[in-house]
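Chemist: If you scroll down you'll find the structure; I have some questions about it.
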Amino acid sequence: MHRYLTADWIFPVTSAPIANGVLQVSSTGEILAIYTESEAAEQQINDVERFEGVLVPGFVNTHCHLELSHLFGKIPEQTGLPAFVREIVAQRTASDEIVIDAMKAADKAMYENGIVAVGDISNQLISKDVKQHSSLYYHTFVEVFGFNKPSHPIMDDAIRIRDSYWPLKASIVPHAPYSVFEELFKYIEKETRPIDILSIHNQETLAENEFFERGTGDFEAMYQRMGVPKTNAHGTGSNAIHYHLPQLPKNRTLLVHNTFTSKADIDFASAHHKELYWCLCPNANLYIENNLPEVMLFLDPQIKVTLGTDSLASNHQLSILAEMQTLQQQKRVPFNELLKWATINGACFLGIDQQYGSFETGKTPGVNLVELGAGQIIKSKNVKRLI
């Protein structure tokens, strides 16, 4: 049994929007055909379900921390990243039952918010069962960090967790430039397989750049509290991206947040790594730093941008549409561009664009109904998942 769906507009993403178009969708969610209004009339298609709004493919959330879902509402806003990290460390511990229940609720919320696929940061194996029983596609990034600790036990644990996620997709990734020292980067490179995709938090706070440029600031103070000595990587005159990017394998890589990334940084990164994607998490940036990236720098068609929600520790909801609305309202990014970031770009990064990311025959991308008026998202919470 199949369905015919129509709305004011259909946005296939990889082709032009279609006014009053009709989607033919199978019972399994496969796109069987896409008709213009006139083609649907010629075919004398009956039983068309009519909706007010626009039809778009399911959203792809390329950066989430499902394991932190139990911290919803527990960390104050606008503390700055160093203080936020301290709160995560202080409050993270909870019983497995509490953590799992919160993850299940977060997974359900993402499904209801029209998300079909997730790139999720994990530090342990606790989310595997939730992911295996989810309707969403997950790729797990097993995150490692170490300052001057021996790399062998860190990597042994990461390899065990990565392999234990099988049959789900998983890869080992560095946390952030300020938390991964050079020896550990070498071990990560050694354990990176050709099939792996990578992720790293990048330039999320001014303090990160300051630490590498001048060797001072909040992260120097953090090192002093931990009794960890600085290295010759700190105070070089060059910022964080110059430290970590040359050490990363040349696999497809996601740079996350980029709140304080400049045009010069983008040019440097593009010259040194040809498989880069840039993930923006605007609502988390506002929650933690009360700042947003220079989004207009990322509108170059050669730059591949995706969207993420970060965690419920740093966000009020897990909704890609809410991230889109924030960027549209505060940075005036056109809806067509945001939709690419929210769908096909994320699917390409995760390597699932044969199934997700756009309305094309043979794909099963999910179908969302969104309210749109004069090109503007009307209500970020009003996304209705039709398939």
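Within each chain, counting starts at residue 1; across the structure tokens, chains are named A, B, ... in the order shown, with ligands numbered 1 upward in that order.
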Which residues come within 7 Å of segment 18-23 of chain A, counting only C-alpha atoms, excluding same-chain residues fewer than 5 positions away, as a list in words?
Modeler: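 Here the qualifying residues turn out to be Tyr4, Leu5, Thr6, Ala7, Asp8, Trp9, Ile10, Phe11, Ala33, Ile34, Tyr35, Thr36, Glu37 and Ala40 of chain A.
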Chemist: Next, write the just-selected residues to a file, as a PDB file, in the first residue's frame, keeping C-alpha atoms as the atom set.
Modeler:
ATOM      1  CA  TYR A   4       0.315  10.213  -2.063  1.00  0.00           C
ATOM      2  CA  LEU A   5       1.361  13.298  -0.106  1.00  0.00           C
ATOM      3  CA  THR A   6       1.122  16.920  -1.193  1.00  0.00           C
ATOM      4  CA  ALA A   7       1.658  20.326   0.417  1.00  0.00           C
ATOM      5  CA  ASP A   8       2.164  23.950  -0.597  1.00  0.00           C
ATOM      6  CA  TRP A   9       5.732  23.072  -1.530  1.00  0.00           C
ATOM      7  CA  ILE A  10       7.901  19.988  -1.712  1.00  0.00           C
ATOM      8  CA  PHE A  11      11.623  20.503  -1.119  1.00  0.00           C
ATOM      9  CA  ALA A  33       7.859   8.994  -7.531  1.00  0.00           C
ATOM     10  CA  ILE A  34       7.797  12.795  -7.325  1.00  0.00           C
ATOM     11  CA  TYR A  35       5.177  14.551  -9.456  1.00  0.00           C
ATOM     12  CA  THR A  36       4.611  18.174 -10.340  1.00  0.00           C
ATOM     13  CA  GLU A  37       1.058  19.412  -9.934  1.00  0.00           C
ATOM     14  CA  ALA A  40      -0.234  14.435 -10.903  1.00  0.00           C
TER      15      ALA A  40
END
Chemist: Can you list every residue in segment 174-284 of chain A that DSSP puts in helix (DSSP H, G or I), as a VMD selection string?
Modeler: chain A and resid 177 to 179 182 to 191 206 to 214 218 to 226 240 to 247 263 to 272 282 to 284
Chemist: Tell me, counting only C-alpha atoms, for each residue of segment 25-102 of chain A within 8 Å of segment 289-292 of chain A, which pair of atoms is nearest and how far apart they are in Å to one decimal, in rows ordered by chain and increasing number, as a Markdown table.
Modeler:
| residue | atom | partner | partner_atom | distance |
| --- | --- | --- | --- | --- |
| A:Gln78 | CA | A:Glu289 | CA | 5.1 |
| A:Thr79 | CA | A:Glu289 | CA | 6.7 |
| A:Gly80 | CA | A:Glu289 | CA | 4.7 |
| A:Leu81 | CA | A:Glu289 | CA | 6.6 |
Chemist: Would you export the selected residues with C-alpha atoms as a compact mmCIF listing (two decimals), in the first residue's frame, please?
Modeler:
# COMPACT_ATOMS: atom_id res chain seq x y z
CA GLN A 78 26.22 31.22 29.65
CA THR A 79 28.93 30.02 32.03
CA GLY A 80 31.56 29.80 29.28
CA LEU A 81 33.03 26.49 28.15
Chemist: Compare A:Leu184, A:Ile387, A:Asp96, A:Ser358 by their minimum atom-to-atom distance to Gln247 of chain A, counting only C-alpha atoms, and give me the closest one.
Modeler: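 Nearest to Gln247 of chain A: A:Leu184.
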Chemist: Of the candidates A:Asn61, A:Gln325, A:Gln43, A:Thr231, which shows the shortest atom-to-atom distance to Asp310 of chain A, using only C-alpha atoms?
Modeler: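 So, comparing all the options, the nearest one is A:Asn61.
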Chemist: Return the single residue from A:Leu276, A:Val89, A:Ala41, A:Leu386 that is closest to Asn251 of chain A, with distances computed using only C-alpha atoms.
Modeler: A:Leu276
Chemist: Enter the distance from atom CA of Ala313 of chain A to atom CA of Val99 of chain A, in Å, rounded to one decimal.
Modeler: 12.5 Å
Chemist: With a distance cut-off of 7 Å and only C-alpha atoms, select the neighbouring residues of Phe359 of chain A, excluding the residue or stretch itself and same-chain residues fewer than 3 positions from it, and output the selection as a list in words.
Modeler: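 So, after excluding close chain neighbours, the residues are Pro12, Val13, Ile31, Pro57, Lys363 and Pro365 of chain A.
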Chemist: Can you write out the residues you just picked, keeping C-alpha atoms, as a short mmCIF file (atom, residue, chain, number, x, y, z; two decimals), in the first residue's frame?
Modeler:
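Dumped to out-v7.cif:
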data_model
loop_
_atom_site.label_atom_id
_atom_site.label_comp_id
_atom_site.auth_asym_id
_atom_site.auth_seq_id
_atom_site.Cartn_x
_atom_site.Cartn_y
_atom_site.Cartn_z
CA PRO A 12 13.53 17.55 -2.62
CA VAL A 13 16.81 19.32 -1.57
CA ILE A 31 10.09 7.40 -2.44
CA PRO A 57 13.23 15.04 4.09
CA LYS A 363 15.50 6.51 -1.02
CA PRO A 365 14.66 9.59 3.85
#
Chemist: Rounded to one decimal in Å, what is the spacing between atom CA of Gly235 of chain A and atom CA of Glu208 of chain A?
Modeler: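 Between these atoms lies a distance of 11.3 Å.
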Chemist: Could you check how far atom CA of Ile344 of chain A sits from atom CA of Cys279 of chain A, in Å to one decimal?
Modeler: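 According to the coordinates, atom CA of Ile344 of chain A and atom CA of Cys279 of chain A are separated by 13.1 Å.
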Chemist: Taking 5 positions as the minimum chain separation for residues in the same chain, which residues sit within 8 Å of segment 163-177 of chain A when counting only C-alpha atoms? Answer as JSON, numbers by chain.
Modeler: {"A": [125, 128, 132, 138, 139, 140, 141, 142, 143, 144, 145, 158, 185, 188, 191, 192, 196, 197, 198, 199, 200, 201, 202, 208, 240, 241, 243, 244]}
Chemist: Looking at only C-alpha atoms, which of A:Leu255, A:Leu66, A:Ala322, A:Val305 is the one that sits closest to Ala284 of chain A?
Modeler: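 With only C-alpha atoms as the atom set, the closest residue is A:Ala322.
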Chemist: Might you pull out every residue within 12 Å of segment 376-380 of chain A, with only C-alpha atoms counted and same-chain residues fewer than 4 positions away left off, and present them as JSON, numbers by chain?
Modeler: {"A": [53, 54, 113, 114, 317, 318, 319, 320, 321, 322, 323, 324, 325, 326, 327, 328, 329, 332, 333, 334, 335, 336, 338, 339, 369, 370, 371, 372, 384]}
Chemist: Which residues come within 9 Å of Asn285 of chain A, counting only C-alpha atoms, excluding same-chain residues fewer than 2 positions away, as a list in words?
Modeler: Gln78, Glu204, His257, Thr259, Leu280, Cys281, Pro282, Asn283, Tyr287, Ile288, Glu289, Asn290, Asn291, Leu292, Pro293, Ser314 and Asn315 of chain A
Chemist: Atoms to include: N, CA and C atoms. Write the selected residues as a compact mmCIF listing (two decimals), in the first residue's frame.
Modeler:
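Printed below is again23.txt as written:
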# COMPACT_ATOMS: atom_id res chain seq x y z
N GLN A 78 25.27 30.13 29.90
CA GLN A 78 26.22 31.22 29.65
C GLN A 78 27.34 31.26 30.70
N GLU A 204 35.62 26.15 20.10
CA GLU A 204 34.31 26.37 20.71
C GLU A 204 34.30 27.59 21.63
N HIS A 257 31.21 22.89 16.18
CA HIS A 257 30.97 24.17 16.85
C HIS A 257 31.56 25.35 16.06
N THR A 259 32.77 28.08 16.79
CA THR A 259 32.18 29.35 17.25
C THR A 259 33.13 30.52 17.04
N LEU A 280 27.61 23.16 12.81
CA LEU A 280 27.17 24.29 13.63
C LEU A 280 26.10 23.80 14.61
N CYS A 281 26.24 24.21 15.87
CA CYS A 281 25.27 23.87 16.93
C CYS A 281 24.84 25.17 17.61
N PRO A 282 24.10 26.02 16.92
CA PRO A 282 23.90 27.39 17.41
C PRO A 282 23.24 27.49 18.78
N ASN A 283 22.25 26.66 19.06
CA ASN A 283 21.57 26.80 20.35
C ASN A 283 22.47 26.42 21.51
N TYR A 287 23.75 28.74 24.57
CA TYR A 287 23.57 28.24 25.93
C TYR A 287 24.88 28.34 26.73
N ILE A 288 25.99 27.96 26.10
CA ILE A 288 27.26 27.90 26.83
C ILE A 288 28.01 29.23 26.80
N GLU A 289 28.20 29.79 25.59
CA GLU A 289 29.06 30.96 25.42
C GLU A 289 28.29 32.25 25.12
N ASN A 290 26.98 32.12 24.88
CA ASN A 290 26.18 33.26 24.43
C ASN A 290 26.82 33.92 23.21
N ASN A 291 27.22 33.08 22.26
CA ASN A 291 27.88 33.56 21.05
C ASN A 291 27.52 32.63 19.90
N LEU A 292 27.63 33.13 18.70
CA LEU A 292 27.38 32.34 17.50
C LEU A 292 28.56 32.47 16.55
N PRO A 293 28.80 31.45 15.73
CA PRO A 293 29.87 31.57 14.74
C PRO A 293 29.57 32.68 13.73
N SER A 314 23.28 21.14 27.29
CA SER A 314 23.60 22.46 26.73
C SER A 314 22.54 22.95 25.76
N ASN A 315 21.34 22.41 25.85
CA ASN A 315 20.29 22.78 24.92
C ASN A 315 18.94 22.56 25.60
Chemist: Once DSSP has gone over the backbone, tell me which residues of segment 241-322 of chain A are in strand (DSSP E or B), as JSON, numbers by chain.
Modeler: {"A": [253, 254, 255, 256, 257, 276, 277, 278, 279, 280, 305, 306, 307, 310]}
